[in-house]
Amino acid sequence: MQTPDQATPASRLSQLRSAMRAQHIDACIVPSADPHLSEYLPARWQGREWLSGFTGSVGTLVVTQDFAGVWTDGRYWEQAEEELAGSGIVLKKIPSGASVLYIDWLGETMRPGQTVAVDGAVLGLANARLLQQALGAHVTLRTDTDVLQAVWPDRPAMPAAPVVEHAAAYPSLSRMEKLAALRAGMTAHGASHHVISTLDDIAWLFNLRGADVNYNPVFLAHALVGPERATLFVADGKVPAALRATLESEGVDVAAYDRAAAALAALPTGATLLLDPRRMTFGTRQAVAEGVQVVEAINPTTLAKSRKTDAEAAHVRAAMEQDGAALCEFFSWLDATLADPQRAPLTEIGVDEHLTAARARRAHFVSPSFGTIAGFNAHGAIMHYHAHADSAATIAGDGLLLIDSGGQYWGGTTDITRVVPVGTITAEHKRDFTLVLRSMIALSRAQFPRGVKSPMLDAIARAPLWAEGIDFGHGTGHGVGFFLNVHEGPQSISQSAMPEPQTAMEIGMITSIEPGIYRPGQWGIRIENLVLNVPAETTPFGEFLRFETLTLCPIDTRCVERSLLRDDEAAWLNDYHATVRARLAPHLSGDTLAWLEQRTGAI
């Protein structure tokens, strides 16, 4: 157990530096990563947060004997400045699309004969190659040590939640069908074997789910798929005996989690292994036997799971109705609460608690899909704000409350952002809100060629803001899983993403649309819906797609400045609200139904 003076970032960095000196390490890299390159990490691998005190989900800590810095992007700058204050750790701001700037810094800073250390088990293979190139031949890169082990006495153990079946009613394809399709993809690459480490790919492929990672229904595992059988490497005791027997009868063997490296080392000479260098750690790659030929390409499962079937889309629509009903119940309660002069104080944390409770009452709800962002006024301008007991704002007075939240349901994953007025709002509030709404509508209405690279759509959403000299520092949209990760690829509607072949927009993909305006110290506005790629029309110029809006929840028209909306934009909003009313009304009654009817009235 640590004493109080050992529990500060400064004291932890001092211990780390002592361990570095003992091992002759000049610089230590602590990425936000686990052996699966997950976005949300099990507690065991949250070393960057433990050392620095910075709680954002993205960031890389670099420590030398006389410097410590966290590199993170614009979504977290304000948060990082607050959390790193007084720690002796410098915030290094990453401009959009420059996530490896820490590698450039090390390349410029390190001197011949020095040593840089990073745990190869959590270092992405693509980043490892960039790091080796930047350091050159005269700086040693050590990947065989986990320095955290020497300084983190209470390091959490591996998660132990059980693995469960994704209920048979939901997946459109069986495990055996998915494995057959995967092997066809392997054959197309000339591969006899395929290694997968990304948890959402594994959960999707085997129709299994877990609870090892907060908000994402996945479990820690590696998978090795061969010509006849597949092996799932998962910690002992996590797969119940009956499920294990079922898996084995379907050609899937279960082995210990820590045996994955040995299995890769034991691949026969002459085998050809398919791996995805962007979804694989350096340590896992190093385990592959030397006599094995390696083919590098995107995991076939990453492409397959992004394209939801018609049956899966139907499940998602049903989940959206449950989620929308929960949101209506919550927002109806919120309006009534804020209008009550005798009410008890309501904080941002209270908002989160009541919203999660509303979702928990709906059918087939499992958990939130990420930590709720409830930011009032200035806190809404912090893009990934998370309220803490000592800093949560009370919802009182005048201003805007931004709420970004989502749910995991057996039939789908949701993610939605809405902004509501508190007290009296200004003309400036309404102007910003209406501009964001126009941006969201612009992309929601878009028609585009099938196969267009998703980053190319980003400018459609930004154009109404750019016309007013405004921009936002995050992507416009991310892929969303099917009762899986709330952020998934390969598509990304972002100006910082590369328009590569795998980012092509295909039928069945679910993506968010979430433009915003953020005025630091004042307010933040983001409006977010999830949309589904569906066929639009086929013309002499090819096949075109459009978006079907999946999210069902009123957009607060009290924040809209009608004079700034074109008639066709107002018509889109009215049509959307008519759909929301028709789809959600059967799930509601009483005051909540009356609230829905009021909030979906035409403007």
# chains A, B, ... in the order shown; residues from 1 in each chain; ligands from 1
>>> residues_around(residues="A:Leu443", least_positions_apart="6", cutoff="8 Å", atoms="only C-alpha atoms", output="number ranges by chain")
A: 457, 460-461, 513
>>> write_last_selection(atoms="N, CA and C atoms", output="compact mmCIF listing (two decimals), in the first residue's frame")
# COMPACT_ATOMS: atom_id res chain seq x y z
N LEU A 457 -16.17 12.89 -46.91
CA LEU A 457 -17.47 13.45 -46.58
C LEU A 457 -17.40 14.50 -45.47
N ILE A 460 -18.50 18.19 -45.97
CA ILE A 460 -19.92 18.52 -46.14
C ILE A 460 -20.48 19.06 -44.83
N ALA A 461 -20.10 18.44 -43.72
CA ALA A 461 -20.59 18.91 -42.42
C ALA A 461 -19.94 20.22 -42.00
N ILE A 513 -22.71 11.22 -36.85
CA ILE A 513 -22.56 12.57 -37.41
C ILE A 513 -22.65 13.52 -36.23
>>> residues_around(residues="stretch 281-286 of chain A", least_positions_apart="6", cutoff="10 Å", atoms="only C-alpha atoms", output="PyMOL selection string")
chain A and resi 33-37+119-129+143-144+195-198+222+260-261+264-265+275+294
>>> write_last_selection(atoms="N, CA, C and O atoms", output="mmCIF file, in the first residue's frame")
data_model
loop_
_atom_site.group_PDB
_atom_site.id
_atom_site.type_symbol
_atom_site.label_atom_id
_atom_site.label_comp_id
_atom_site.auth_asym_id
_atom_site.auth_seq_id
_atom_site.Cartn_x
_atom_site.Cartn_y
_atom_site.Cartn_z
ATOM 1 N N ALA A 33 -2.307 2.179 -23.996
ATOM 2 C CA ALA A 33 -2.519 0.985 -24.802
ATOM 3 C C ALA A 33 -2.407 -0.262 -23.944
ATOM 4 O O ALA A 33 -1.790 -0.247 -22.876
ATOM 5 N N ASP A 34 -3.004 -1.339 -24.443
ATOM 6 C CA ASP A 34 -2.876 -2.660 -23.847
ATOM 7 C C ASP A 34 -2.384 -3.611 -24.940
ATOM 8 O O ASP A 34 -2.110 -3.171 -26.070
ATOM 9 N N PRO A 35 -2.243 -4.902 -24.688
ATOM 10 C CA PRO A 35 -1.759 -5.813 -25.724
ATOM 11 C C PRO A 35 -2.688 -5.972 -26.920
ATOM 12 O O PRO A 35 -2.332 -6.671 -27.878
ATOM 13 N N HIS A 36 -3.841 -5.309 -26.881
ATOM 14 C CA HIS A 36 -4.821 -5.408 -27.963
ATOM 15 C C HIS A 36 -5.068 -4.057 -28.631
ATOM 16 O O HIS A 36 -5.960 -3.945 -29.479
ATOM 17 N N LEU A 37 -4.307 -3.049 -28.213
ATOM 18 C CA LEU A 37 -4.447 -1.682 -28.741
ATOM 19 C C LEU A 37 -5.868 -1.170 -28.589
ATOM 20 O O LEU A 37 -6.425 -0.508 -29.473
ATOM 21 N N ASP A 119 7.293 -0.814 -23.324
ATOM 22 C CA ASP A 119 6.834 -2.189 -23.244
ATOM 23 C C ASP A 119 6.337 -2.628 -24.617
ATOM 24 O O ASP A 119 5.303 -2.163 -25.095
ATOM 25 N N GLY A 120 7.074 -3.525 -25.255
ATOM 26 C CA GLY A 120 6.706 -3.973 -26.594
ATOM 27 C C GLY A 120 5.361 -4.664 -26.647
ATOM 28 O O GLY A 120 4.724 -4.711 -27.699
ATOM 29 N N ALA A 121 4.905 -5.164 -25.503
ATOM 30 C CA ALA A 121 3.612 -5.852 -25.472
ATOM 31 C C ALA A 121 2.449 -4.913 -25.719
ATOM 32 O O ALA A 121 1.348 -5.367 -26.068
ATOM 33 N N VAL A 122 2.652 -3.592 -25.539
ATOM 34 C CA VAL A 122 1.566 -2.630 -25.736
ATOM 35 C C VAL A 122 1.914 -1.571 -26.781
ATOM 36 O O VAL A 122 1.166 -0.606 -26.956
ATOM 37 N N LEU A 123 3.039 -1.736 -27.466
ATOM 38 C CA LEU A 123 3.457 -0.779 -28.492
ATOM 39 C C LEU A 123 2.945 -1.248 -29.840
ATOM 40 O O LEU A 123 3.277 -2.348 -30.295
ATOM 41 N N GLY A 124 2.141 -0.430 -30.497
ATOM 42 C CA GLY A 124 1.627 -0.788 -31.810
ATOM 43 C C GLY A 124 2.756 -1.047 -32.794
ATOM 44 O O GLY A 124 3.774 -0.339 -32.801
ATOM 45 N N LEU A 125 2.586 -2.054 -33.636
ATOM 46 C CA LEU A 125 3.629 -2.412 -34.596
ATOM 47 C C LEU A 125 3.947 -1.260 -35.538
ATOM 48 O O LEU A 125 5.124 -0.982 -35.815
ATOM 49 N N ALA A 126 2.918 -0.582 -36.035
ATOM 50 C CA ALA A 126 3.162 0.539 -36.951
ATOM 51 C C ALA A 126 3.961 1.642 -36.257
ATOM 52 O O ALA A 126 4.899 2.210 -36.835
ATOM 53 N N ASN A 127 3.621 1.950 -34.996
ATOM 54 C CA ASN A 127 4.358 2.975 -34.256
ATOM 55 C C ASN A 127 5.772 2.516 -33.934
ATOM 56 O O ASN A 127 6.708 3.328 -33.904
ATOM 57 N N ALA A 128 5.945 1.228 -33.673
ATOM 58 C CA ALA A 128 7.286 0.709 -33.399
ATOM 59 C C ALA A 128 8.206 0.932 -34.593
ATOM 60 O O ALA A 128 9.377 1.309 -34.434
ATOM 61 N N ARG A 129 7.682 0.725 -35.777
ATOM 62 C CA ARG A 129 8.493 0.928 -36.982
ATOM 63 C C ARG A 129 8.853 2.397 -37.159
ATOM 64 O O ARG A 129 9.987 2.731 -37.528
ATOM 65 N N THR A 143 12.424 -2.944 -25.963
ATOM 66 C CA THR A 143 11.005 -3.295 -25.899
ATOM 67 C C THR A 143 10.767 -4.523 -25.021
ATOM 68 O O THR A 143 9.666 -5.064 -25.004
ATOM 69 N N ASP A 144 11.791 -4.935 -24.293
ATOM 70 C CA ASP A 144 11.705 -6.175 -23.525
ATOM 71 C C ASP A 144 11.434 -5.954 -22.044
ATOM 72 O O ASP A 144 11.562 -6.881 -21.244
ATOM 73 N N VAL A 195 -3.619 -14.204 -37.403
ATOM 74 C CA VAL A 195 -3.625 -13.861 -35.986
ATOM 75 C C VAL A 195 -4.412 -12.573 -35.793
ATOM 76 O O VAL A 195 -4.259 -11.614 -36.563
ATOM 77 N N ILE A 196 -5.279 -12.564 -34.782
ATOM 78 C CA ILE A 196 -6.114 -11.396 -34.465
ATOM 79 C C ILE A 196 -5.922 -11.073 -32.992
ATOM 80 O O ILE A 196 -6.001 -11.953 -32.135
ATOM 81 N N SER A 197 -5.687 -9.780 -32.702
ATOM 82 C CA SER A 197 -5.539 -9.348 -31.314
ATOM 83 C C SER A 197 -6.584 -8.333 -30.892
ATOM 84 O O SER A 197 -6.775 -8.111 -29.699
ATOM 85 N N THR A 198 -7.232 -7.667 -31.839
ATOM 86 C CA THR A 198 -8.211 -6.641 -31.489
ATOM 87 C C THR A 198 -9.473 -7.297 -30.944
ATOM 88 O O THR A 198 -10.033 -8.219 -31.535
ATOM 89 N N HIS A 222 -6.520 -13.357 -27.608
ATOM 90 C CA HIS A 222 -5.936 -13.388 -28.941
ATOM 91 C C HIS A 222 -6.573 -14.559 -29.675
ATOM 92 O O HIS A 222 -7.091 -15.493 -29.040
ATOM 93 N N ALA A 260 -0.422 -17.532 -26.363
ATOM 94 C CA ALA A 260 -0.542 -17.029 -27.738
ATOM 95 C C ALA A 260 0.823 -16.866 -28.388
ATOM 96 O O ALA A 260 1.023 -17.254 -29.553
ATOM 97 N N ALA A 261 1.786 -16.293 -27.654
ATOM 98 C CA ALA A 261 3.114 -16.078 -28.227
ATOM 99 C C ALA A 261 3.771 -17.400 -28.594
ATOM 100 O O ALA A 261 4.386 -17.536 -29.666
ATOM 101 N N LEU A 264 2.383 -18.746 -31.843
ATOM 102 C CA LEU A 264 2.936 -18.070 -33.014
ATOM 103 C C LEU A 264 4.359 -18.546 -33.285
ATOM 104 O O LEU A 264 4.764 -18.710 -34.439
ATOM 105 N N ALA A 265 5.111 -18.766 -32.220
ATOM 106 C CA ALA A 265 6.483 -19.251 -32.386
ATOM 107 C C ALA A 265 6.513 -20.674 -32.929
ATOM 108 O O ALA A 265 7.520 -21.085 -33.535
ATOM 109 N N LEU A 275 -1.522 -10.807 -40.933
ATOM 110 C CA LEU A 275 -1.702 -9.958 -39.755
ATOM 111 C C LEU A 275 -1.913 -8.518 -40.191
ATOM 112 O O LEU A 275 -1.505 -8.110 -41.288
ATOM 113 N N VAL A 294 5.043 -13.671 -43.751
ATOM 114 C CA VAL A 294 4.018 -12.781 -43.199
ATOM 115 C C VAL A 294 3.423 -11.919 -44.304
ATOM 116 O O VAL A 294 4.156 -11.314 -45.098
#
>>> residues_around(residues="stretch 424-431 of chain A", least_positions_apart="6", cutoff="6 Å", atoms="only C-alpha atoms", output="PyMOL selection string")
chain A and resi 398-399+559-561
>>> select_by_dssp(residues="stretch 235-420 of chain A", states="helix (DSSP H, G or I)", output="PyMOL selection string")
chain A and resi 241-249+257-265+282-286+300-306+310-338+348-360+377-381
>>> residues_around(residues="stretch 325-340 of chain A", least_positions_apart="3", cutoff="9 Å", atoms="only C-alpha atoms", output="MDAnalysis selection string")
chainID A and resid 320:322 343:344 346 351 354:362 395:396 420 422:423 552:554 584:585 587:588 591:596
>>> atom_distance(atom1="atom CA of A:Ser589", atom2="atom CA of A:Asp323")
15.4 Å
